[in-house]
>>> print(open('start.txt').read())   # compact mmCIF, C-alpha atoms
# COMPACT_ATOMS: atom_id res chain seq x y z
CA MET A 1 33.87 -20.15 19.83
CA SER A 2 33.23 -16.75 21.32
CA GLY A 3 36.42 -16.53 23.34
CA LYS A 4 34.43 -15.33 26.31
CA PRO A 5 34.61 -17.37 29.50
CA LYS A 6 31.51 -19.53 29.96
CA LEU A 7 30.20 -20.24 33.43
CA TYR A 8 28.30 -23.44 34.29
CA TYR A 9 26.22 -23.28 37.48
CA PHE A 10 22.68 -22.89 38.65
CA ASN A 11 20.99 -19.52 38.25
CA GLY A 12 21.98 -18.19 41.64
CA ARG A 13 24.94 -17.02 43.71
CA GLY A 14 26.42 -20.02 45.51
CA ARG A 15 30.08 -20.64 44.82
CA MET A 16 30.00 -19.02 41.40
CA GLU A 17 29.12 -15.52 42.56
CA SER A 18 32.67 -14.58 43.60
CA ILE A 19 33.84 -15.60 40.14
CA ARG A 20 31.18 -13.44 38.49
CA TRP A 21 32.30 -10.52 40.67
CA LEU A 22 35.93 -11.02 39.77
CA LEU A 23 35.33 -11.23 36.02
CA ALA A 24 33.01 -8.25 36.12
CA ALA A 25 35.46 -6.17 38.15
CA ALA A 26 38.19 -7.06 35.66
CA GLY A 27 35.91 -5.86 32.86
CA VAL A 28 35.70 -9.31 31.29
CA GLU A 29 32.47 -10.22 29.52
CA PHE A 30 31.26 -13.75 30.17
CA GLU A 31 28.47 -16.11 29.21
CA GLU A 32 26.48 -18.38 31.48
CA CYS A 33 24.89 -21.81 31.09
CA PHE A 34 22.40 -22.49 33.89
CA LEU A 35 21.72 -25.91 35.37
CA GLU A 36 18.01 -26.11 35.96
CA THR A 37 17.45 -29.82 36.62
CA LYS A 38 19.36 -32.81 37.88
CA ASP A 39 19.53 -34.04 34.28
CA ASP A 40 21.50 -30.93 33.33
CA LEU A 41 24.09 -31.80 35.98
CA THR A 42 24.12 -35.46 34.99
CA LYS A 43 24.70 -34.52 31.37
CA LEU A 44 27.71 -32.38 32.24
CA ARG A 45 29.10 -35.21 34.35
CA LYS A 46 28.63 -37.77 31.58
CA ASP A 47 30.25 -35.41 29.08
CA GLY A 48 33.42 -35.58 31.14
CA SER A 49 33.22 -31.82 31.55
CA LEU A 50 33.52 -31.81 35.33
CA LEU A 51 36.88 -32.96 36.62
CA PHE A 52 35.54 -33.89 40.06
CA GLN A 53 31.87 -34.18 39.00
CA GLN A 54 31.16 -30.80 40.55
CA VAL A 55 30.31 -27.27 39.58
CA PRO A 56 31.32 -24.41 39.42
CA MET A 57 32.93 -25.07 36.09
CA VAL A 58 34.28 -22.29 33.86
CA GLU A 59 35.40 -22.74 30.27
CA ILE A 60 38.27 -20.32 29.90
CA ASP A 61 41.34 -20.19 27.66
CA GLY A 62 40.78 -23.71 26.36
CA MET A 63 40.41 -25.22 29.84
CA LYS A 64 37.35 -26.52 31.65
CA MET A 65 38.34 -25.17 35.04
CA VAL A 66 36.73 -26.43 38.23
CA GLN A 67 37.19 -25.67 41.95
CA SER A 68 36.18 -22.10 42.75
CA ARG A 69 39.50 -21.20 44.35
CA ALA A 70 41.51 -22.45 41.37
CA ILE A 71 39.26 -20.46 39.03
CA GLY A 72 39.48 -17.34 41.21
CA ASN A 73 43.29 -17.63 41.37
CA TYR A 74 43.57 -17.94 37.59
CA ILE A 75 41.34 -14.98 36.85
CA ALA A 76 43.02 -12.80 39.45
CA MET A 77 46.48 -13.57 38.06
CA LYS A 78 45.48 -13.17 34.44
CA TYR A 79 43.86 -9.78 34.97
CA ASN A 80 46.47 -8.37 37.36
CA LEU A 81 44.34 -8.40 40.45
CA TYR A 82 46.81 -10.44 42.49
CA GLY A 83 49.38 -7.94 43.68
CA LYS A 84 52.85 -7.23 42.32
CA ASP A 85 54.93 -9.84 44.18
CA LEU A 86 54.83 -12.88 46.42
CA LYS A 87 54.34 -10.94 49.65
CA GLU A 88 51.40 -8.94 48.28
CA ARG A 89 49.91 -12.20 47.04
CA ALA A 90 50.31 -13.64 50.52
CA LEU A 91 48.34 -10.75 52.02
CA ILE A 92 45.68 -10.95 49.32
CA ASP A 93 45.35 -14.69 49.90
CA MET A 94 44.98 -14.25 53.65
CA TYR A 95 42.32 -11.59 53.25
CA VAL A 96 40.44 -13.53 50.57
CA GLU A 97 40.50 -16.83 52.47
CA ALA A 98 38.92 -15.19 55.51
CA VAL A 99 36.28 -13.56 53.34
CA ILE A 100 35.54 -16.97 51.83
CA ASP A 101 35.04 -18.34 55.36
CA LEU A 102 32.55 -15.57 56.14
CA ASN A 103 30.84 -16.06 52.77
CA GLU A 104 30.44 -19.74 53.57
CA LEU A 105 28.50 -18.83 56.70
CA LEU A 106 26.34 -16.36 54.80
CA MET A 107 25.80 -18.76 51.91
CA THR A 108 24.68 -21.67 54.06
CA HIS A 109 22.16 -19.63 56.02
CA PRO A 110 19.11 -20.38 53.83
CA PHE A 111 19.89 -24.10 54.14
CA GLN A 112 19.81 -24.18 57.93
CA PRO A 113 16.94 -26.15 59.48
CA ALA A 114 14.31 -23.83 60.96
CA ASP A 115 15.30 -24.58 64.55
CA LYS A 116 18.94 -23.67 63.92
CA LYS A 117 18.39 -20.50 61.89
CA GLU A 118 18.32 -17.99 64.71
CA GLN A 119 21.51 -19.29 66.27
CA HIS A 120 23.20 -19.41 62.87
CA PHE A 121 22.23 -15.80 62.26
CA ALA A 122 23.72 -14.84 65.63
CA THR A 123 26.93 -16.66 64.70
CA ILE A 124 27.15 -14.79 61.41
CA VAL A 125 26.72 -11.42 63.08
CA ASP A 126 29.17 -12.29 65.84
CA LYS A 127 31.88 -13.54 63.49
CA ALA A 128 31.40 -10.70 61.03
CA THR A 129 31.52 -7.93 63.62
CA ASN A 130 34.05 -9.42 66.05
CA ARG A 131 36.38 -11.53 63.98
CA TYR A 132 36.44 -10.36 60.39
CA PHE A 133 35.34 -6.75 59.93
CA PRO A 134 37.67 -5.37 62.64
CA VAL A 135 40.63 -6.82 60.73
CA TYR A 136 39.80 -5.06 57.48
CA GLU A 137 38.87 -1.85 59.28
CA LYS A 138 42.30 -1.91 60.95
CA VAL A 139 44.13 -2.68 57.70
CA LEU A 140 42.55 0.35 56.05
CA LYS A 141 43.19 2.49 59.13
CA ASP A 142 46.84 1.46 59.44
CA HIS A 143 47.90 2.33 55.89
CA GLY A 144 45.24 4.93 55.14
CA GLN A 145 45.08 3.85 51.51
CA ASP A 146 42.08 3.27 49.27
CA PHE A 147 42.74 -0.42 48.65
CA LEU A 148 43.55 -3.29 50.97
CA VAL A 149 46.90 -4.31 49.48
CA GLY A 150 49.70 -2.48 47.74
CA ASN A 151 47.75 0.69 47.12
CA GLN A 152 46.24 -0.98 44.10
CA PHE A 153 42.87 -2.51 43.26
CA SER A 154 43.02 -6.26 43.78
CA ARG A 155 40.93 -9.33 44.20
CA ALA A 156 40.92 -8.73 47.96
CA ASP A 157 38.96 -5.50 47.47
CA VAL A 158 36.46 -7.15 45.12
CA GLN A 159 35.78 -10.10 47.39
CA LEU A 160 35.54 -7.91 50.49
CA LEU A 161 32.99 -5.64 48.83
CA GLU A 162 30.95 -8.66 47.77
CA THR A 163 30.90 -9.90 51.34
CA LEU A 164 30.12 -6.51 52.88
CA LEU A 165 27.06 -6.24 50.67
CA MET A 166 25.96 -9.80 51.47
CA ALA A 167 26.39 -9.14 55.18
CA GLU A 168 24.26 -6.00 54.88
CA GLU A 169 21.53 -8.06 53.24
CA CYS A 170 21.61 -10.15 56.41
CA LYS A 171 21.62 -7.19 58.78
CA PRO A 172 21.37 -3.73 57.19
CA ASP A 173 23.25 -1.87 59.93
CA ILE A 174 26.05 -4.42 60.26
CA LEU A 175 28.67 -1.83 59.23
CA ALA A 176 27.55 0.68 61.86
CA LYS A 177 30.77 0.43 63.84
CA PHE A 178 33.08 0.37 60.82
CA PRO A 179 33.38 3.83 59.26
CA LEU A 180 36.35 2.93 57.07
CA LEU A 181 34.56 -0.11 55.70
CA GLN A 182 31.59 2.10 54.92
CA SER A 183 33.73 4.49 52.89
CA PHE A 184 35.58 1.53 51.35
CA LYS A 185 32.25 0.12 50.27
CA ALA A 186 31.22 3.40 48.62
CA ARG A 187 34.59 3.88 46.95
CA ILE A 188 34.92 0.39 45.47
CA SER A 189 31.26 0.40 44.42
CA ASN A 190 32.06 3.45 42.31
CA ILE A 191 34.82 1.85 40.29
CA PRO A 192 33.26 1.82 36.80
CA THR A 193 33.35 -1.95 36.19
CA VAL A 194 32.06 -2.64 39.69
CA LYS A 195 29.40 0.07 39.43
CA LYS A 196 28.16 -1.49 36.22
CA PHE A 197 27.94 -4.91 37.88
CA LEU A 198 25.92 -3.42 40.73
CA GLN A 199 23.29 -2.04 38.40
CA PRO A 200 20.02 -3.84 37.61
CA GLY A 201 20.27 -6.02 34.52
CA SER A 202 23.84 -7.13 35.22
CA GLN A 203 24.81 -10.78 35.69
CA ARG A 204 24.94 -10.34 39.45
CA LYS A 205 22.54 -12.78 41.08
CA PRO A 206 19.99 -12.01 43.81
CA PRO A 207 20.11 -13.60 47.26
CA LEU A 208 18.69 -17.11 47.50
CA GLN A 209 15.03 -17.17 48.45
CA GLU A 210 13.74 -19.87 50.76
CA LYS A 211 11.37 -20.98 48.02
CA ASP A 212 14.33 -21.76 45.75
CA VAL A 213 15.98 -24.11 48.24
CA PRO A 214 13.94 -27.24 47.38
CA LYS A 215 14.73 -26.86 43.66
CA LEU A 216 18.44 -26.59 44.44
CA MET A 217 18.40 -29.60 46.73
CA LYS A 218 16.85 -31.54 43.86
CA ILE A 219 19.64 -30.69 41.43
CA PHE A 220 22.50 -31.34 43.80
CA HIS A 221 21.18 -34.22 45.80
CA MET B 1 65.92 -14.60 64.70
CA ALA B 2 66.34 -18.20 63.53
CA GLY B 3 65.18 -17.63 59.99
CA LYS B 4 63.41 -20.96 60.09
CA PRO B 5 59.66 -20.92 59.65
CA LYS B 6 57.86 -21.47 62.95
CA LEU B 7 54.57 -23.36 63.01
CA HIS B 8 51.92 -22.70 65.65
CA TYR B 9 49.34 -25.47 66.02
CA THR B 10 48.32 -28.42 68.13
CA ASN B 11 50.59 -31.45 68.24
CA GLY B 12 48.70 -33.32 65.57
CA ARG B 13 47.89 -33.29 61.87
CA GLY B 14 44.77 -31.21 61.35
CA LYS B 15 45.12 -28.36 58.90
CA MET B 16 48.83 -27.90 59.56
CA GLU B 17 49.93 -31.30 58.25
CA SER B 18 49.87 -30.31 54.58
CA ILE B 19 52.11 -27.37 55.46
CA ARG B 20 54.57 -29.68 57.23
CA TRP B 21 54.61 -31.94 54.16
CA LEU B 22 55.28 -29.07 51.78
CA LEU B 23 58.09 -27.56 53.83
CA ALA B 24 59.65 -30.97 54.34
CA ALA B 25 59.42 -31.85 50.64
CA ALA B 26 61.01 -28.50 49.79
CA GLY B 27 63.85 -29.38 52.16
CA VAL B 28 63.04 -26.49 54.48
CA GLU B 29 63.77 -26.98 58.18
CA PHE B 30 61.09 -25.63 60.48
CA GLU B 31 60.32 -25.24 64.16
CA GLU B 32 57.06 -25.94 65.92
CA GLU B 33 55.35 -24.46 68.93
CA PHE B 34 52.49 -26.63 70.14
CA ILE B 35 49.24 -25.38 71.55
CA GLU B 36 48.49 -27.74 74.42
CA THR B 37 45.78 -25.90 76.35
CA LYS B 38 43.08 -23.35 75.86
CA GLU B 39 45.31 -20.83 77.61
CA ASP B 40 47.99 -21.31 74.96
CA LEU B 41 45.46 -20.40 72.28
CA GLU B 42 44.17 -17.42 74.25
CA LYS B 43 47.70 -16.13 74.70
CA LEU B 44 48.33 -16.22 70.96
CA ARG B 45 45.03 -14.43 70.40
CA ASN B 46 45.73 -11.79 73.01
CA ASP B 47 49.22 -11.25 71.59
CA GLY B 48 47.61 -10.18 68.35
CA SER B 49 49.48 -12.97 66.59
CA LEU B 50 46.45 -14.51 64.92
CA LEU B 51 44.95 -12.26 62.29
CA PHE B 52 41.55 -13.94 62.44
CA GLN B 53 41.99 -15.53 65.89
CA GLN B 54 42.68 -18.90 64.26
CA VAL B 55 45.48 -21.35 63.68
CA PRO B 56 47.34 -22.59 61.65
CA MET B 57 49.74 -19.69 61.95
CA VAL B 58 53.23 -19.78 60.46
CA GLU B 59 55.92 -17.23 61.16
CA ILE B 60 57.79 -16.98 57.89
CA ASP B 61 59.85 -14.24 56.22
CA GLY B 62 58.82 -11.63 58.76
CA MET B 63 55.11 -12.39 58.41
CA LYS B 64 52.71 -14.12 60.78
CA MET B 65 50.81 -15.94 58.06
CA VAL B 66 47.39 -17.47 58.67
CA GLN B 67 44.84 -19.29 56.50
CA THR B 68 46.09 -22.68 55.39
CA ARG B 69 45.77 -22.11 51.66
CA ALA B 70 47.50 -18.73 51.82
CA ILE B 71 50.42 -20.33 53.65
CA LEU B 72 50.62 -23.28 51.27
CA SER B 73 50.48 -21.04 48.17
CA TYR B 74 53.26 -18.87 49.55
CA ILE B 75 55.52 -21.82 50.30
CA ALA B 76 54.79 -23.47 46.94
CA ALA B 77 55.60 -20.30 45.02
CA LYS B 78 58.69 -19.51 47.07
CA TYR B 79 60.21 -22.97 46.63
CA ASN B 80 59.32 -23.41 42.96
CA LEU B 81 56.66 -26.03 43.50
CA TYR B 82 53.92 -24.06 41.74
CA GLY B 83 54.57 -24.77 38.07
CA LYS B 84 56.28 -22.59 35.49
CA ASP B 85 53.34 -20.48 34.28
CA LEU B 86 49.74 -19.55 34.82
CA LYS B 87 48.27 -22.62 33.14
CA GLU B 88 50.42 -25.04 35.11
CA ARG B 89 49.38 -23.18 38.26
CA ALA B 90 45.75 -23.59 37.24
CA TRP B 91 46.17 -27.37 37.00
CA ILE B 92 48.10 -27.56 40.24
CA ASP B 93 45.38 -25.54 41.96
CA MET B 94 42.62 -27.78 40.61
CA TYR B 95 44.40 -30.96 41.66
CA VAL B 96 45.25 -29.58 45.10
CA GLU B 97 41.67 -28.47 45.71
CA GLY B 98 40.55 -32.02 44.93
CA THR B 99 42.99 -33.58 47.38
CA THR B 100 42.08 -30.89 49.93
CA ASP B 101 38.42 -31.91 49.72
CA LEU B 102 39.39 -35.57 50.00
CA MET B 103 41.66 -35.09 53.01
CA GLY B 104 39.14 -32.76 54.61
CA MET B 105 36.61 -35.58 54.73
CA ILE B 106 39.12 -37.92 56.33
CA MET B 107 40.30 -35.27 58.79
CA TYR B 108 36.83 -34.73 60.24
CA LEU B 109 36.07 -38.43 60.61
CA PRO B 110 37.36 -38.77 64.19
CA PHE B 111 35.20 -35.77 65.17
CA GLN B 112 31.94 -37.24 63.89
CA PRO B 113 29.47 -38.81 66.29
CA ALA B 114 30.27 -42.50 66.82
CA ASP B 115 27.05 -43.74 65.27
CA THR B 116 27.73 -41.97 61.95
CA LYS B 117 31.37 -43.07 61.64
CA GLU B 118 30.70 -46.24 59.69
CA LYS B 119 28.43 -44.47 57.19
CA ASN B 120 30.87 -41.58 56.79
CA LEU B 121 33.78 -43.92 56.27
CA ALA B 122 31.84 -45.72 53.55
CA LEU B 123 31.10 -42.38 51.86
CA ILE B 124 34.75 -41.39 52.03
CA ILE B 125 35.86 -44.64 50.45
CA GLU B 126 33.27 -44.27 47.73
CA ARG B 127 34.30 -40.70 46.95
CA VAL B 128 37.99 -41.51 47.01
CA THR B 129 37.66 -44.47 44.67
CA THR B 130 35.03 -43.10 42.28
CA ARG B 131 35.46 -39.33 42.29
CA TYR B 132 39.04 -38.46 43.21
CA PHE B 133 41.57 -41.23 42.57
CA PRO B 134 40.33 -41.90 39.02
CA VAL B 135 41.15 -38.29 38.11
CA TYR B 136 44.77 -38.56 39.22
CA GLU B 137 45.17 -42.05 37.75
CA LYS B 138 43.92 -40.71 34.41
CA ALA B 139 46.17 -37.64 34.57
CA LEU B 140 49.22 -39.86 35.01
CA LYS B 141 48.02 -42.25 32.32
CA ASP B 142 47.31 -39.52 29.77
CA HIS B 143 50.74 -37.90 29.83
CA GLY B 144 52.81 -40.84 31.08
CA HIS B 145 55.03 -38.59 33.16
CA ASP B 146 56.30 -39.14 36.67
CA TYR B 147 54.61 -36.01 38.01
CA LEU B 148 51.11 -34.62 37.76
CA VAL B 149 51.91 -31.27 36.13
CA GLY B 150 54.61 -30.08 33.78
CA ASN B 151 56.81 -33.14 34.13
CA LYS B 152 58.24 -31.70 37.33
CA LEU B 153 57.66 -32.15 41.05
CA SER B 154 55.06 -29.70 42.32
CA TRP B 155 52.79 -29.04 45.27
CA ALA B 156 50.15 -31.20 43.52
CA ASP B 157 52.36 -34.31 43.76
CA ILE B 158 53.25 -33.77 47.41
CA HIS B 159 49.62 -33.17 48.31
CA LEU B 160 48.50 -36.25 46.39
CA LEU B 161 51.03 -38.45 48.17
CA GLU B 162 49.82 -37.15 51.52
CA ALA B 163 46.22 -37.89 50.48
CA ILE B 164 47.08 -41.39 49.24
CA LEU B 165 48.76 -42.31 52.52
CA MET B 166 45.86 -40.91 54.54
CA ALA B 167 43.38 -42.86 52.42
CA GLU B 168 45.40 -46.04 52.90
CA GLU B 169 45.19 -45.54 56.65
CA CYS B 170 41.41 -45.65 56.16
CA LYS B 171 41.49 -48.75 53.94
CA PRO B 172 44.86 -50.38 53.31
CA ASP B 173 44.00 -51.75 49.86
CA ILE B 174 42.32 -48.58 48.64
CA LEU B 175 44.82 -48.26 45.77
CA SER B 176 44.13 -51.74 44.44
CA ALA B 177 42.35 -50.49 41.30
CA PHE B 178 44.92 -47.76 40.64
CA PRO B 179 48.24 -49.16 39.38
CA LEU B 180 49.63 -45.81 38.29
CA LEU B 181 48.89 -44.27 41.68
CA GLN B 182 50.68 -47.19 43.30
CA ALA B 183 53.72 -46.53 41.15
CA PHE B 184 53.39 -42.79 41.82
CA LYS B 185 53.32 -43.48 45.54
CA GLY B 186 56.45 -45.63 45.35
CA ARG B 187 58.31 -43.11 43.22
CA THR B 188 57.34 -39.96 45.11
CA SER B 189 58.00 -41.55 48.52
CA ASN B 190 61.56 -42.13 47.38
CA ILE B 191 62.36 -38.52 46.71
CA PRO B 192 65.09 -37.87 49.34
CA THR B 193 63.37 -35.03 51.22
CA ILE B 194 60.07 -36.90 51.27
CA LYS B 195 61.72 -40.19 52.18
CA LYS B 196 63.29 -38.43 55.16
CA PHE B 197 59.91 -37.01 56.22
CA LEU B 198 58.38 -40.49 56.07
CA GLN B 199 60.90 -41.93 58.47
CA PRO B 200 60.24 -42.28 62.22
CA GLY B 201 61.46 -39.29 64.19
CA SER B 202 60.46 -36.75 61.56
CA GLN B 203 58.00 -33.94 62.23
CA ARG B 204 55.23 -35.84 60.49
CA LYS B 205 52.33 -36.35 62.87
CA PRO B 206 50.36 -39.59 63.49
CA PRO B 207 46.62 -39.95 62.75
CA ALA B 208 44.26 -38.45 65.32
CA ASP B 209 43.43 -40.79 68.18
CA GLU B 210 40.71 -40.39 70.81
CA LYS B 211 43.07 -38.61 73.16
CA PHE B 212 43.95 -36.04 70.51
CA VAL B 213 40.30 -35.51 69.63
CA ALA B 214 39.55 -34.75 73.28
CA ILE B 215 42.38 -32.23 73.50
CA VAL B 216 41.27 -30.49 70.32
CA ARG B 217 37.67 -30.34 71.47
CA LYS B 218 38.80 -28.71 74.71
CA ILE B 219 41.13 -26.16 73.17
CA PHE B 220 38.80 -25.07 70.37
CA ASN B 221 35.46 -25.53 72.11
CA ILE B 222 34.00 -27.93 69.53
>>> encode(input="start.txt", output="structure tokens")
Amino acid sequence: MSGKPKLYYFNGRGRMESIRWLLAAAGVEFEECFLETKDDLTKLRKDGSLLFQQVPMVEIDGMKMVQSRAIGNYIAMKYNLYGKDLKERALIDMYVEAVIDLNELLMTHPFQPADKKEQHFATIVDKATNRYFPVYEKVLKDHGQDFLVGNQFSRADVQLLETLLMAEECKPDILAKFPLLQSFKARISNIPTVKKFLQPGSQRKPPLQEKDVPKLMKIFH
Amino acid sequence: MAGKPKLHYTNGRGKMESIRWLLAAAGVEFEEEFIETKEDLEKLRNDGSLLFQQVPMVEIDGMKMVQTRAILSYIAAKYNLYGKDLKERAWIDMYVEGTTDLMGMIMYLPFQPADTKEKNLALIIERVTTRYFPVYEKALKDHGHDYLVGNKLSWADIHLLEAILMAEECKPDILSAFPLLQAFKGRTSNIPTIKKFLQPGSQRKPPADEKFVAIVRKIFNI
């Protein structure tokens, strides 16, 4: 029993990536067990390892945790990335939930049917640049601090950075109108644990390629 | 300043209903301001009241909170419905995420195209009876307590009761294979604050009907 958290998912970003980011940012080493075939998933289900028959699943502190939000909450609390009181937690939760919404759009893009892709892309760009990014830009502008909440590094900063980078993969100049988000991105990327995670050879996963979609559909359908 | 939380949403269940349940179960009185037209929504947006231009929004403790889960977590923590430590919170979170997924399926049913309704309903019933309810039945069986986590009423119990009642609206005998959930339902419904919320005249909202679906479609452009 290594004591390190063990992540069960397929070898790609999906709903596990935010958890990888959070653990890495907290400086926590973790192991991964990749599902490669439908049989791998079936085996985990039959084992009784998956509370609701779904992954992500993370073995941590004697629990087999499921549900990405529950896992994220636990890690954030345990490693002091969740603010100092209830009100800071409220802000962090609001910021993180919105980022999750944007991530959902980004994540589902490769799965869109060909005839819907262009419109979906337009929706992503519209929501990112008109609904979400202006909020975080304003938050940073209003308090002038380095971090989103409580002048302290938190889960909100980690998840926002993750999303900014994913959005840039979609459209490289998507931060053009957001100077504070650009400097935020540089600053948070330079935090040693985060910097390490951003380097080649880390456990960060690459974006999903179209060619990988059929294999994924096979495992989960 | 009333001091009471103020809920901004349409006059129906949607994503606000779980928040109404939690406040009611915690014995917290709240006010509601209903969005009836597109203009009402635009006004809230133009006011700068909606951080991400979306509802639910709840005015509480000097904040204009948005994002359903953020609001629910805040209320649960504030009113001691979130367990006594990190591990109990982990379990509450896992259980609540399960019931959120379950209720989410049921919530979207009236908005599905008519020709897919039957198939979707069948899928919901299958998921409820094979994926979700067995988990909660087993949790109650394994520890033999009245409540899901830590032998004490928590957000997980309130959310599960809400989900059970919603599932029964879909299929009245849906609990037939789950004796412990039936007992749980009876017990939890009798908690005074919850019993009050279940009575006619409370702020609990009815299931979505065609009229409500039309209003929602108009206001939110869906």
>>> interface_residues(input="start.txt", of="chain A", to="chain B", cutoff="10 Å", atoms="all atoms listed in the file", output="VMD selection string")
chain A and resid 51 to 54 61 63 65 to 75 77 to 78 86 to 87 89 to 98 101 127 130 to 135
>>> write_last_selection(input="start.txt", atoms="C-alpha atoms", output="tab-separated table (two decimals), in the frame of the given file")
chain	number	residue	atom	x	y	z
A	51	LEU	CA	36.88	-32.96	36.62
A	52	PHE	CA	35.54	-33.89	40.06
A	53	GLN	CA	31.87	-34.18	39.00
A	54	GLN	CA	31.16	-30.80	40.55
A	61	ASP	CA	41.34	-20.19	27.66
A	63	MET	CA	40.41	-25.22	29.84
A	65	MET	CA	38.34	-25.17	35.04
A	66	VAL	CA	36.73	-26.43	38.23
A	67	GLN	CA	37.19	-25.67	41.95
A	68	SER	CA	36.18	-22.10	42.75
A	69	ARG	CA	39.50	-21.20	44.35
A	70	ALA	CA	41.51	-22.45	41.37
A	71	ILE	CA	39.26	-20.46	39.03
A	72	GLY	CA	39.48	-17.34	41.21
A	73	ASN	CA	43.29	-17.63	41.37
A	74	TYR	CA	43.57	-17.94	37.59
A	75	ILE	CA	41.34	-14.98	36.85
A	77	MET	CA	46.48	-13.57	38.06
A	78	LYS	CA	45.48	-13.17	34.44
A	86	LEU	CA	54.83	-12.88	46.42
A	87	LYS	CA	54.34	-10.94	49.65
A	89	ARG	CA	49.91	-12.20	47.04
A	90	ALA	CA	50.31	-13.64	50.52
A	91	LEU	CA	48.34	-10.75	52.02
A	92	ILE	CA	45.68	-10.95	49.32
A	93	ASP	CA	45.35	-14.69	49.90
A	94	MET	CA	44.98	-14.25	53.65
A	95	TYR	CA	42.32	-11.59	53.25
A	96	VAL	CA	40.44	-13.53	50.57
A	97	GLU	CA	40.50	-16.83	52.47
A	98	ALA	CA	38.92	-15.19	55.51
A	101	ASP	CA	35.04	-18.34	55.36
A	127	LYS	CA	31.88	-13.54	63.49
A	130	ASN	CA	34.05	-9.42	66.05
A	131	ARG	CA	36.38	-11.53	63.98
A	132	TYR	CA	36.44	-10.36	60.39
A	133	PHE	CA	35.34	-6.75	59.93
A	134	PRO	CA	37.67	-5.37	62.64
A	135	VAL	CA	40.63	-6.82	60.73
>>> residues_around(input="start.txt", residues="Gly144 in chain A", least_positions_apart="5", cutoff="12 Å", atoms="all atoms listed in the file", output="ChimeraX atom specification")
/A:136-139,149-151,180-181,183-184
>>> atom_distance(input="start.txt", atom1="CA of Gly83 in chain B", atom2="CA of Leu160 in chain A")
28.3 Å
>>> atom_distance(input="start.txt", atom1="CA of Lys4 in chain B", atom2="CA of Pro192 in chain B")
20.1 Å
>>> atom_distance(input="start.txt", atom1="CA of Val28 in chain B", atom2="CA of Val58 in chain B")
13.3 Å
